[in-house]
$ cat upload_3.cif   # mmCIF, C-alpha atoms
data_model
#
loop_
_atom_site.group_PDB
_atom_site.id
_atom_site.type_symbol
_atom_site.label_atom_id
_atom_site.label_comp_id
_atom_site.auth_asym_id
_atom_site.auth_seq_id
_atom_site.Cartn_x
_atom_site.Cartn_y
_atom_site.Cartn_z
ATOM 1 C CA MET M 1 101.095 64.123 76.188
ATOM 2 C CA GLU M 2 102.583 66.469 73.592
ATOM 3 C CA THR M 3 106.343 66.964 73.855
ATOM 4 C CA TYR M 4 109.040 68.808 71.955
ATOM 5 C CA TYR M 5 110.639 65.560 70.822
ATOM 6 C CA HIS M 6 108.971 63.216 68.349
ATOM 7 C CA PRO M 7 110.531 59.791 67.631
ATOM 8 C CA LYS M 8 109.217 59.894 64.040
ATOM 9 C CA ASP M 9 111.663 62.757 63.403
ATOM 10 C CA LEU M 10 114.555 60.287 63.471
ATOM 11 C CA ALA M 11 113.576 59.318 59.935
ATOM 12 C CA LYS M 12 114.193 62.922 58.856
ATOM 13 C CA PHE M 13 117.986 62.789 59.328
ATOM 14 C CA SER M 14 118.512 62.491 55.605
ATOM 15 C CA ASP M 15 116.493 65.697 55.053
ATOM 16 C CA MET M 16 119.354 67.650 56.592
ATOM 17 C CA SER M 17 121.229 67.457 53.289
ATOM 18 C CA LYS M 18 118.597 69.470 51.433
ATOM 19 C CA GLY M 19 119.818 72.887 52.575
ATOM 20 C CA SER M 20 123.452 72.409 51.550
ATOM 21 C CA PRO M 21 124.542 69.070 50.126
ATOM 22 C CA GLN M 22 128.220 70.127 50.196
ATOM 23 C CA LEU M 23 128.065 71.028 53.890
ATOM 24 C CA TRP M 24 126.203 67.803 54.587
ATOM 25 C CA ASP M 25 128.948 65.795 52.862
ATOM 26 C CA LYS M 26 131.599 67.556 54.956
ATOM 27 C CA PHE M 27 129.659 66.911 58.158
ATOM 28 C CA MET M 28 129.249 63.235 57.302
ATOM 29 C CA ALA M 29 132.977 62.944 56.534
ATOM 30 C CA TYR M 30 133.767 64.553 59.903
ATOM 31 C CA TYR M 31 131.248 62.383 61.710
ATOM 32 C CA GLY M 32 132.583 59.238 60.069
ATOM 33 C CA ALA M 33 136.125 60.169 61.079
ATOM 34 C CA VAL M 34 135.064 60.774 64.684
ATOM 35 C CA PHE M 35 133.508 57.348 64.981
ATOM 36 C CA ALA M 36 136.157 55.479 62.981
ATOM 37 C CA GLU M 37 138.185 52.788 64.686
ATOM 38 C CA GLY M 38 141.214 54.254 66.404
ATOM 39 C CA ALA M 39 142.422 54.265 70.005
ATOM 40 C CA LEU M 40 138.858 53.197 70.798
ATOM 41 C CA THR M 41 136.712 50.790 68.809
ATOM 42 C CA GLU M 42 133.613 52.008 66.989
ATOM 43 C CA ARG M 43 131.519 50.118 69.543
ATOM 44 C CA GLU M 44 133.273 51.817 72.471
ATOM 45 C CA LYS M 45 132.700 55.239 70.895
ATOM 46 C CA ALA M 46 129.026 54.445 70.299
ATOM 47 C CA LEU M 47 128.614 53.344 73.925
ATOM 48 C CA ILE M 48 130.253 56.560 75.137
ATOM 49 C CA ALA M 49 127.927 58.579 72.887
ATOM 50 C CA LEU M 50 124.929 56.700 74.278
ATOM 51 C CA ALA M 51 126.079 57.370 77.854
ATOM 52 C CA VAL M 52 126.505 61.078 77.095
ATOM 53 C CA ALA M 53 123.046 61.129 75.482
ATOM 54 C CA HIS M 54 121.609 59.798 78.746
ATOM 55 C CA ALA M 55 123.641 62.269 80.803
ATOM 56 C CA VAL M 56 122.319 65.256 78.833
ATOM 57 C CA GLN M 57 118.854 63.653 78.738
ATOM 58 C CA CYS M 58 118.335 64.053 74.996
ATOM 59 C CA PRO M 59 115.604 61.623 73.890
ATOM 60 C CA TYR M 60 116.560 62.011 70.223
ATOM 61 C CA CYS M 61 120.211 61.304 70.961
ATOM 62 C CA ILE M 62 119.307 58.273 73.053
ATOM 63 C CA ASP M 63 117.203 56.903 70.189
ATOM 64 C CA ALA M 64 119.815 57.799 67.579
ATOM 65 C CA TYR M 65 122.798 56.288 69.390
ATOM 66 C CA THR M 66 120.798 53.218 70.359
ATOM 67 C CA ARG M 67 120.355 52.777 66.593
ATOM 68 C CA GLY M 68 123.954 53.750 65.879
ATOM 69 C CA GLY M 69 122.778 57.146 64.648
ATOM 70 C CA ALA M 70 124.072 60.678 64.682
ATOM 71 C CA SER M 71 124.056 63.965 66.487
ATOM 72 C CA LEU M 72 121.727 65.302 63.824
ATOM 73 C CA VAL M 73 118.731 65.245 66.098
ATOM 74 C CA HIS M 74 118.827 68.911 66.961
ATOM 75 C CA GLY M 75 119.276 69.839 63.331
ATOM 76 C CA VAL M 76 116.101 67.905 62.545
ATOM 77 C CA GLN M 77 114.353 69.735 65.366
ATOM 78 C CA MET M 78 115.591 73.061 63.944
ATOM 79 C CA ARG M 79 114.285 72.142 60.500
ATOM 80 C CA ASN M 80 110.864 71.361 62.019
ATOM 81 C CA VAL M 81 110.730 74.835 63.571
ATOM 82 C CA VAL M 82 111.917 76.517 60.350
ATOM 83 C CA ASN M 83 109.230 74.685 58.376
ATOM 84 C CA GLN M 84 106.554 75.843 60.833
ATOM 85 C CA LEU M 85 107.751 79.446 60.669
ATOM 86 C CA SER M 86 107.920 79.370 56.868
ATOM 87 C CA MET M 87 104.312 78.378 56.409
#
$ encode --input "upload_3.cif" --output "structure tokens"
Amino acid sequence: METYYHPKDLAKFSDMSKGSPQLWDKFMAYYGAVFAEGALTEREKALIALAVAHAVQCPYCIDAYTRGGASLVHGVQMRNVVNQLSM
């Protein structure tokens, strides 16, 4: 069954830096700060992110947070669409 989400796209997270490396660096700094140890541990934040991923039913997010990943999944999906339109 063909779906909008493709697990193999998780490997494309690093491709998100190609459009604007400076913006990518800023996003990664922000993302790192969000998940840094603070009032909650990194593990607690990751578990909350995984729970939210299930609540919003985002297969990419579920895969990404299960692997300790990022919210980049929709950016990867956007890049897939842009690449198809650019052909």
$ atom_distance --input "upload_3.cif" --atom1 "atom CA of M:Asp25" --atom2 "atom CA of M:Ala55"
28.7 Å
$ closest_residue --input "upload_3.cif" --among "M:Val52, M:Val76, M:Ala29, M:Leu40" --to "M:Leu10" --atoms "only C-alpha atoms"
M:Val76
$ closest_residue --input "upload_3.cif" --among "M:Gly32, M:Gln77, M:Ser17, M:Arg43" --to "M:Cys58" --atoms "only C-alpha atoms"
M:Gln77
$ closest_residue --input "upload_3.cif" --among "M:Leu47, M:Ala53, M:Val34, M:Ala64" --to "M:Asp9" --atoms "only C-alpha atoms"
M:Ala64
$ residues_around --input "upload_3.cif" --residues "M:Arg67" --least-positions-apart "3" --cutoff "12 Å" --atoms "only C-alpha atoms" --output "PDB file with C-alpha atoms, in the coordinates of the input"
ATOM      1  CA  LEU M  10     114.555  60.287  63.471  1.00  0.00           C
ATOM      2  CA  ALA M  11     113.576  59.318  59.935  1.00  0.00           C
ATOM      3  CA  ARG M  43     131.519  50.118  69.543  1.00  0.00           C
ATOM      4  CA  ALA M  46     129.026  54.445  70.299  1.00  0.00           C
ATOM      5  CA  LEU M  47     128.614  53.344  73.925  1.00  0.00           C
ATOM      6  CA  ALA M  49     127.927  58.579  72.887  1.00  0.00           C
ATOM      7  CA  LEU M  50     124.929  56.700  74.278  1.00  0.00           C
ATOM      8  CA  TYR M  60     116.560  62.011  70.223  1.00  0.00           C
ATOM      9  CA  CYS M  61     120.211  61.304  70.961  1.00  0.00           C
ATOM     10  CA  ILE M  62     119.307  58.273  73.053  1.00  0.00           C
ATOM     11  CA  ASP M  63     117.203  56.903  70.189  1.00  0.00           C
ATOM     12  CA  ALA M  64     119.815  57.799  67.579  1.00  0.00           C
ATOM     13  CA  ALA M  70     124.072  60.678  64.682  1.00  0.00           C
ATOM     14  CA  SER M  71     124.056  63.965  66.487  1.00  0.00           C
TER      15      SER M  71
END
